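Colleague: What follows is a structure written as structure tokens; I'll ask about it next.
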Amino acid sequence: MTSAAPRSWFPLLCLAWVGLAQVATASTPDVFESYLRPEHAAAEGFAPWPDVARARPGSDVRALARGRVVSVGSRGDSVTLEHLYHENHELLRARSEYAGLKSVALRPGALVTKGQVLGQVGASERLAVSLHTGSLLSADESRRFTAEHSRLPQPASEPVLVLISHARNQLRLYERGVERARVEVGFGQEAGPKQQRGDNRTPVGMYFIVQTLRGDIPGPYAAFYGGHWLRVNYPNPWDASRGVKQGWLTAKTRERIVRAWEARAATDATTRLGSGIGFHGWAGEWSLEESGGRLSWGCVVFHPRDIAALYERMPQGTMVVLF
């Protein structure tokens with residue numbers, strides 16, 4: 001038989017529990033801040049892949065993109081950089097390695113800019129450059145990667161940015177990287193990222209607002225919009241690539257989607273991937289506790305008061321990232 005703890009211990013136990021809870025909360029990464037403000041600045045684009053065969057002794061070797069020095073060879077003849085970059089709804093990492101240099105003056109942890117001189121080709125060395133994105137890329141793959149990533153999004157610099165977390169049922173609105181609002185939101189009736197038309201799921205990805213309507217919205221389900229509608233340009237290029245792999249659309253259709261998405265315009269709404277995704281209010285007030293946040297056929301659902309307050313702060317062209 002165990003004895004009960006003295007009552008005088010209970011306040012101390014409660015304080016200890018509260019302290020541990022506060023430490024756990026403080027150490028839990030904020031998914032919004034982690035995406036928007038990583039440990040070092042994300043690359044704004046990669047330079048063309050260098051022609052190492054034509055590099056001559058003494059010629060400058062430059063960084064492919066903005067990043068941070070991970071390591072420098074013990075003889076100062078090599079350097080490795082880490083690059084962070086935004087792609088669709090993810091913050092990804094790449095690593096570039098440069099060998100055959102002389103007298104690299106950089107130190108681990110130093111920040112570098114795109115095109116910054118890292119060193120010069122050694123007199124008796126042959127320049128070697130490699131790129132890793134989860135695995136080592138071949139020269140052809142590296143050339144294609146740098147060409148396809150010559151321009152990269154900079155979410156924190158957007159005039160208006162909307163970030164949405166599925167896991168937290170939360171939306172945050174930023175202006176030039178400064179948070180201006182955060183509100184609770186609901187999603188599609190089915191869990192998981194949208195795959196195809198009619199699956200009642202909300203997508204994950206980077207999109208742009210392409211249409212805004214307020215007031216009387218036509219259609220049989222107008223009441224559920226709560227008098228507000230902001231459409232995003234789903235599907236995006238990554239959705240389209242998935243559709244090509246599944247045989248749902250052609251490469252030519254994907255190219256049209258890519259061009260429209262890059263112009264922050266509406267994309268093809270006729271494919272099996274589906275369409276008609278956006279933000280709207282609701283027919284009345286709703287609660288996360290009662291609904292589980294599973295309300296729509298795939299759209300992001302605001303509380304009526306929140307969509308009314310934020311509608312004019314989300315103009316056409318606004319970047320939207322759902323993760």
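Just so we're on the same page: first chain in the structure tokens is A, next is B, and so on; residues restart at 1 for each chain, and ligands are numbered from 1 in the order they show up.
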I need the alpha helix (DSSP H) residues of region 123-232 of chain A per DSSP on the backbone, written as a PDB file with all heavy atoms, in the first residue's frame.
Modeller:
ATOM      1  N   ALA A 139      26.090  16.069 -63.424  1.00  0.00           N
ATOM      2  CA  ALA A 139      26.310  17.379 -64.026  1.00  0.00           C
ATOM      3  C   ALA A 139      25.077  17.834 -64.798  1.00  0.00           C
ATOM      4  O   ALA A 139      24.673  19.005 -64.718  1.00  0.00           O
ATOM      5  CB  ALA A 139      27.535  17.338 -64.931  1.00  0.00           C
ATOM      6  N   ASP A 140      24.462  16.919 -65.547  1.00  0.00           N
ATOM      7  CA  ASP A 140      23.254  17.277 -66.307  1.00  0.00           C
ATOM      8  C   ASP A 140      22.100  17.621 -65.375  1.00  0.00           C
ATOM      9  O   ASP A 140      21.357  18.577 -65.615  1.00  0.00           O
ATOM     10  CB  ASP A 140      22.855  16.132 -67.241  1.00  0.00           C
ATOM     11  CG  ASP A 140      23.771  16.010 -68.447  1.00  0.00           C
ATOM     12  OD1 ASP A 140      24.490  16.994 -68.754  1.00  0.00           O
ATOM     13  OD2 ASP A 140      23.773  14.943 -69.079  1.00  0.00           O
ATOM     14  N   GLU A 141      21.942  16.835 -64.312  1.00  0.00           N
ATOM     15  CA  GLU A 141      20.876  17.114 -63.347  1.00  0.00           C
ATOM     16  C   GLU A 141      21.123  18.451 -62.641  1.00  0.00           C
ATOM     17  O   GLU A 141      20.182  19.210 -62.402  1.00  0.00           O
ATOM     18  CB  GLU A 141      20.797  15.983 -62.319  1.00  0.00           C
ATOM     19  CG  GLU A 141      20.269  14.667 -62.879  1.00  0.00           C
ATOM     20  CD  GLU A 141      20.417  13.522 -61.908  1.00  0.00           C
ATOM     21  OE1 GLU A 141      21.343  13.560 -61.062  1.00  0.00           O
ATOM     22  OE2 GLU A 141      19.627  12.553 -61.998  1.00  0.00           O
ATOM     23  N   SER A 142      22.374  18.743 -62.332  1.00  0.00           N
ATOM     24  CA  SER A 142      22.711  20.010 -61.684  1.00  0.00           C
ATOM     25  C   SER A 142      22.423  21.181 -62.611  1.00  0.00           C
ATOM     26  O   SER A 142      21.907  22.220 -62.182  1.00  0.00           O
ATOM     27  CB  SER A 142      24.186  20.017 -61.274  1.00  0.00           C
ATOM     28  OG  SER A 142      24.456  18.998 -60.331  1.00  0.00           O
ATOM     29  N   ARG A 143      22.771  21.009 -63.874  1.00  0.00           N
ATOM     30  CA  ARG A 143      22.520  22.074 -64.858  1.00  0.00           C
ATOM     31  C   ARG A 143      21.022  22.340 -64.978  1.00  0.00           C
ATOM     32  O   ARG A 143      20.584  23.496 -65.037  1.00  0.00           O
ATOM     33  CB  ARG A 143      23.114  21.657 -66.199  1.00  0.00           C
ATOM     34  CG  ARG A 143      23.200  22.761 -67.242  1.00  0.00           C
ATOM     35  CD  ARG A 143      23.981  22.309 -68.465  1.00  0.00           C
ATOM     36  NE  ARG A 143      25.392  22.077 -68.130  1.00  0.00           N
ATOM     37  CZ  ARG A 143      25.963  20.877 -68.057  1.00  0.00           C
ATOM     38  NH1 ARG A 143      25.244  19.787 -68.280  1.00  0.00           N
ATOM     39  NH2 ARG A 143      27.234  20.746 -67.758  1.00  0.00           N
ATOM     40  N   ARG A 144      20.240  21.274 -64.994  1.00  0.00           N
ATOM     41  CA  ARG A 144      18.785  21.425 -65.092  1.00  0.00           C
ATOM     42  C   ARG A 144      18.220  22.045 -63.811  1.00  0.00           C
ATOM     43  O   ARG A 144      17.343  22.912 -63.871  1.00  0.00           O
ATOM     44  CB  ARG A 144      18.139  20.065 -65.365  1.00  0.00           C
ATOM     45  CG  ARG A 144      16.638  20.114 -65.581  1.00  0.00           C
ATOM     46  CD  ARG A 144      16.113  18.840 -66.217  1.00  0.00           C
ATOM     47  NE  ARG A 144      16.459  17.637 -65.462  1.00  0.00           N
ATOM     48  CZ  ARG A 144      17.347  16.728 -65.867  1.00  0.00           C
ATOM     49  NH1 ARG A 144      17.988  16.895 -67.015  1.00  0.00           N
ATOM     50  NH2 ARG A 144      17.601  15.659 -65.131  1.00  0.00           N
ATOM     51  N   PHE A 145      18.723  21.618 -62.663  1.00  0.00           N
ATOM     52  CA  PHE A 145      18.234  22.147 -61.390  1.00  0.00           C
ATOM     53  C   PHE A 145      18.474  23.646 -61.306  1.00  0.00           C
ATOM     54  O   PHE A 145      17.569  24.415 -60.956  1.00  0.00           O
ATOM     55  CB  PHE A 145      18.920  21.439 -60.221  1.00  0.00           C
ATOM     56  CG  PHE A 145      18.542  21.984 -58.868  1.00  0.00           C
ATOM     57  CD1 PHE A 145      17.474  21.455 -58.172  1.00  0.00           C
ATOM     58  CD2 PHE A 145      19.251  23.046 -58.300  1.00  0.00           C
ATOM     59  CE1 PHE A 145      17.104  21.959 -56.924  1.00  0.00           C
ATOM     60  CE2 PHE A 145      18.891  23.560 -57.062  1.00  0.00           C
ATOM     61  CZ  PHE A 145      17.822  23.016 -56.379  1.00  0.00           C
ATOM     62  N   THR A 146      19.687  24.098 -61.604  1.00  0.00           N
ATOM     63  CA  THR A 146      19.986  25.525 -61.482  1.00  0.00           C
ATOM     64  C   THR A 146      19.182  26.346 -62.490  1.00  0.00           C
ATOM     65  O   THR A 146      18.778  27.471 -62.187  1.00  0.00           O
ATOM     66  CB  THR A 146      21.487  25.790 -61.648  1.00  0.00           C
ATOM     67  OG1 THR A 146      21.952  25.220 -62.888  1.00  0.00           O
ATOM     68  CG2 THR A 146      22.277  25.188 -60.487  1.00  0.00           C
ATOM     69  N   ALA A 147      18.929  25.774 -63.664  1.00  0.00           N
ATOM     70  CA  ALA A 147      18.120  26.486 -64.663  1.00  0.00           C
ATOM     71  C   ALA A 147      16.677  26.614 -64.196  1.00  0.00           C
ATOM     72  O   ALA A 147      16.051  27.669 -64.349  1.00  0.00           O
ATOM     73  CB  ALA A 147      18.187  25.767 -66.004  1.00  0.00           C
ATOM     74  N   GLU A 148      16.142  25.541 -63.613  1.00  0.00           N
ATOM     75  CA  GLU A 148      14.754  25.543 -63.159  1.00  0.00           C
ATOM     76  C   GLU A 148      14.571  26.345 -61.872  1.00  0.00           C
ATOM     77  O   GLU A 148      13.445  26.709 -61.525  1.00  0.00           O
ATOM     78  CB  GLU A 148      14.270  24.111 -62.937  1.00  0.00           C
ATOM     79  CG  GLU A 148      14.141  23.306 -64.231  1.00  0.00           C
ATOM     80  CD  GLU A 148      13.782  21.845 -63.978  1.00  0.00           C
ATOM     81  OE1 GLU A 148      13.833  21.421 -62.788  1.00  0.00           O
ATOM     82  OE2 GLU A 148      13.465  21.140 -64.950  1.00  0.00           O
TER      83      GLU A 148
END
Colleague: I want to know what sits within 6 Å of region 201-215 of chain A, based on only C-alpha atoms, with residues of the same chain fewer than 5 positions away left out; could you give that as number ranges by chain?
Modeller: A: 88-89, 188, 190, 193-194, 227-233, 264-266, 298-299, 316-323
Colleague: Those residues you just picked out, can you put them in a file as a short mmCIF file (atom, residue, chain, number, x, y, z; two decimals), in the first residue's frame with N, CA, C and O atoms?
Modeller:
data_model
loop_
_atom_site.label_atom_id
_atom_site.label_comp_id
_atom_site.auth_asym_id
_atom_site.auth_seq_id
_atom_site.Cartn_x
_atom_site.Cartn_y
_atom_site.Cartn_z
N ASN A 88 7.15 25.46 -53.67
CA ASN A 88 5.77 25.12 -53.36
C ASN A 88 5.52 25.44 -51.88
O ASN A 88 5.76 26.56 -51.45
N HIS A 89 5.07 24.49 -51.08
CA HIS A 89 4.76 24.77 -49.68
C HIS A 89 5.89 24.37 -48.74
O HIS A 89 5.71 24.39 -47.51
N GLY A 188 -11.65 21.39 -45.92
CA GLY A 188 -12.55 20.46 -46.59
C GLY A 188 -13.04 19.36 -45.65
O GLY A 188 -12.42 19.07 -44.62
N GLU A 190 -12.98 16.23 -46.02
CA GLU A 190 -12.10 15.07 -45.96
C GLU A 190 -10.68 15.52 -45.62
O GLU A 190 -10.22 16.57 -46.05
N PRO A 193 -4.29 16.25 -48.25
CA PRO A 193 -4.21 17.23 -49.35
C PRO A 193 -5.04 16.82 -50.56
O PRO A 193 -5.19 15.63 -50.85
N LYS A 194 -5.57 17.81 -51.23
CA LYS A 194 -6.41 17.56 -52.40
C LYS A 194 -5.65 16.79 -53.47
O LYS A 194 -4.49 17.08 -53.77
N GLY A 227 -21.17 35.71 -48.10
CA GLY A 227 -21.03 37.00 -48.75
C GLY A 227 -19.62 37.37 -49.19
O GLY A 227 -19.37 38.51 -49.60
N HIS A 228 -18.67 36.41 -49.14
CA HIS A 228 -17.28 36.69 -49.51
C HIS A 228 -16.68 35.48 -50.24
O HIS A 228 -16.88 34.34 -49.82
N TRP A 229 -15.92 35.77 -51.30
CA TRP A 229 -15.27 34.70 -52.06
C TRP A 229 -13.95 35.21 -52.61
O TRP A 229 -13.88 36.26 -53.25
N LEU A 230 -12.88 34.48 -52.33
CA LEU A 230 -11.56 34.79 -52.85
C LEU A 230 -10.99 33.50 -53.44
O LEU A 230 -10.70 32.55 -52.70
N ARG A 231 -10.88 33.45 -54.74
CA ARG A 231 -10.44 32.24 -55.42
C ARG A 231 -8.92 32.23 -55.59
O ARG A 231 -8.32 33.27 -55.89
N VAL A 232 -8.28 31.05 -55.40
CA VAL A 232 -6.85 30.90 -55.66
C VAL A 232 -6.65 30.06 -56.93
O VAL A 232 -7.57 29.36 -57.37
N ASN A 233 -5.45 30.14 -57.50
CA ASN A 233 -5.21 29.47 -58.78
C ASN A 233 -4.71 28.04 -58.62
O ASN A 233 -3.63 27.68 -59.10
N ARG A 264 0.58 34.76 -61.99
CA ARG A 264 -0.39 34.94 -60.90
C ARG A 264 -1.80 35.08 -61.46
O ARG A 264 -2.62 35.88 -60.98
N ALA A 265 -2.07 34.27 -62.49
CA ALA A 265 -3.38 34.27 -63.15
C ALA A 265 -4.07 32.93 -62.90
O ALA A 265 -3.47 31.98 -62.39
N ALA A 266 -5.36 32.87 -63.26
CA ALA A 266 -6.14 31.64 -63.09
C ALA A 266 -5.55 30.52 -63.94
O ALA A 266 -5.12 30.75 -65.07
N GLY A 298 -13.62 21.67 -49.98
CA GLY A 298 -12.21 21.83 -50.28
C GLY A 298 -11.67 23.23 -50.06
O GLY A 298 -10.46 23.44 -50.12
N CYS A 299 -12.53 24.18 -49.80
CA CYS A 299 -12.10 25.56 -49.60
C CYS A 299 -11.68 25.80 -48.15
O CYS A 299 -11.97 25.01 -47.25
N GLN A 316 -6.17 40.71 -55.12
CA GLN A 316 -5.73 39.81 -56.18
C GLN A 316 -4.21 39.90 -56.30
O GLN A 316 -3.62 40.96 -56.17
N GLY A 317 -3.59 38.76 -56.52
CA GLY A 317 -2.13 38.69 -56.60
C GLY A 317 -1.47 38.27 -55.30
O GLY A 317 -0.27 37.97 -55.28
N THR A 318 -2.23 38.24 -54.19
CA THR A 318 -1.67 37.85 -52.90
C THR A 318 -1.17 36.41 -52.94
O THR A 318 -1.86 35.51 -53.40
N MET A 319 0.05 36.19 -52.45
CA MET A 319 0.59 34.83 -52.33
C MET A 319 -0.06 34.12 -51.15
O MET A 319 -0.19 34.68 -50.07
N VAL A 320 -0.46 32.87 -51.40
CA VAL A 320 -1.09 32.03 -50.38
C VAL A 320 -0.31 30.72 -50.30
O VAL A 320 -0.11 30.06 -51.33
N VAL A 321 0.13 30.34 -49.12
CA VAL A 321 0.84 29.07 -48.93
C VAL A 321 0.10 28.26 -47.89
O VAL A 321 -0.07 28.68 -46.75
N LEU A 322 -0.33 27.07 -48.30
CA LEU A 322 -1.00 26.13 -47.38
C LEU A 322 -0.04 24.97 -47.13
O LEU A 322 0.46 24.37 -48.07
N PHE A 323 0.18 24.67 -45.84
CA PHE A 323 1.06 23.54 -45.51
C PHE A 323 0.48 22.72 -44.38
O PHE A 323 -0.52 23.05 -43.80
#
Colleague: Pick from A:Arg180, A:Arg256, A:His166, A:Arg294: nearest to Ala309 (chain A), with only C-alpha atoms counted?
Modeller: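 For Ala309 (chain A), the nearest of the given residues is A:Arg180.
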Colleague: Show me, as a ChimeraX atom specification, the residues that have an atom within 9 Å of region 249-252 of chain A when counting only C-alpha atoms, minus same-chain residues fewer than 5 positions from it.
Modeller: /A:240-241,243-244,257,271-273
Colleague: Considering only C-alpha atoms, can you say which of A:Gly281, A:Gly134, A:Pro153, A:Gly109 comes closest to Phe224 (chain A)?
Modeller: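 Checking each of A:Gly281, A:Gly134, A:Pro153, A:Gly109 against Phe224 (chain A), counting only C-alpha atoms, the winner is A:Gly281.
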Colleague: Between A:Ala43, A:Ala263, A:Ile164, A:Val112, which one has atoms that come closest to Arg182 (chain A), using only C-alpha atoms?
Modeller: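 Among A:Ala43, A:Ala263, A:Ile164, A:Val112, it is A:Ile164 that comes nearest to Arg182 (chain A).
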Colleague: With the cut-off set at 9 Å and counting only C-alpha atoms, tabulate each residue of region 114-163 of chain A with an atom at most that distance from an atom of region 66-73 of chain A, showing the nearest atom pair and its distance in Å to one decimal, ordered by chain and increasing number, as CSV.
Modeller:
residue,atom,partner,partner_atom,distance
A:Lys114,CA,A:Arg66,CA,4.5
A:Gly115,CA,A:Arg66,CA,8.0
A:Gln116,CA,A:Arg66,CA,8.5
Colleague: Calculated over only C-alpha atoms, which of the candidates A:Ala260, A:Val183, A:Leu137, A:Ala105 has the smallest distance to Val162 (chain A)?
Modeller: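 For Val162 (chain A), the nearest of the candidates is A:Val183.
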Colleague: Find the residues around Phe302 (chain A) up to 10 Å (only C-alpha atoms counted), leave out those fewer than 2 positions away in its own chain, and share them as a list in words.
Modeller: Gln170, Leu171, Val183, Glu184, Val185, Gly186, Phe187, Tyr225, Gly226, His228, Phe279, His280, Gly281, Trp282, Glu285, Trp286, Cys299, Val300, Pro304, Arg305, Asp306, Ile307, Ala308 and Leu310 of chain A
Colleague: Using only C-alpha atoms for the distances, tell me which of A:Pro57, A:Gly177, A:Gly122, A:Gly100 is nearest to Arg37 (chain A).
Modeller: A:Gly177
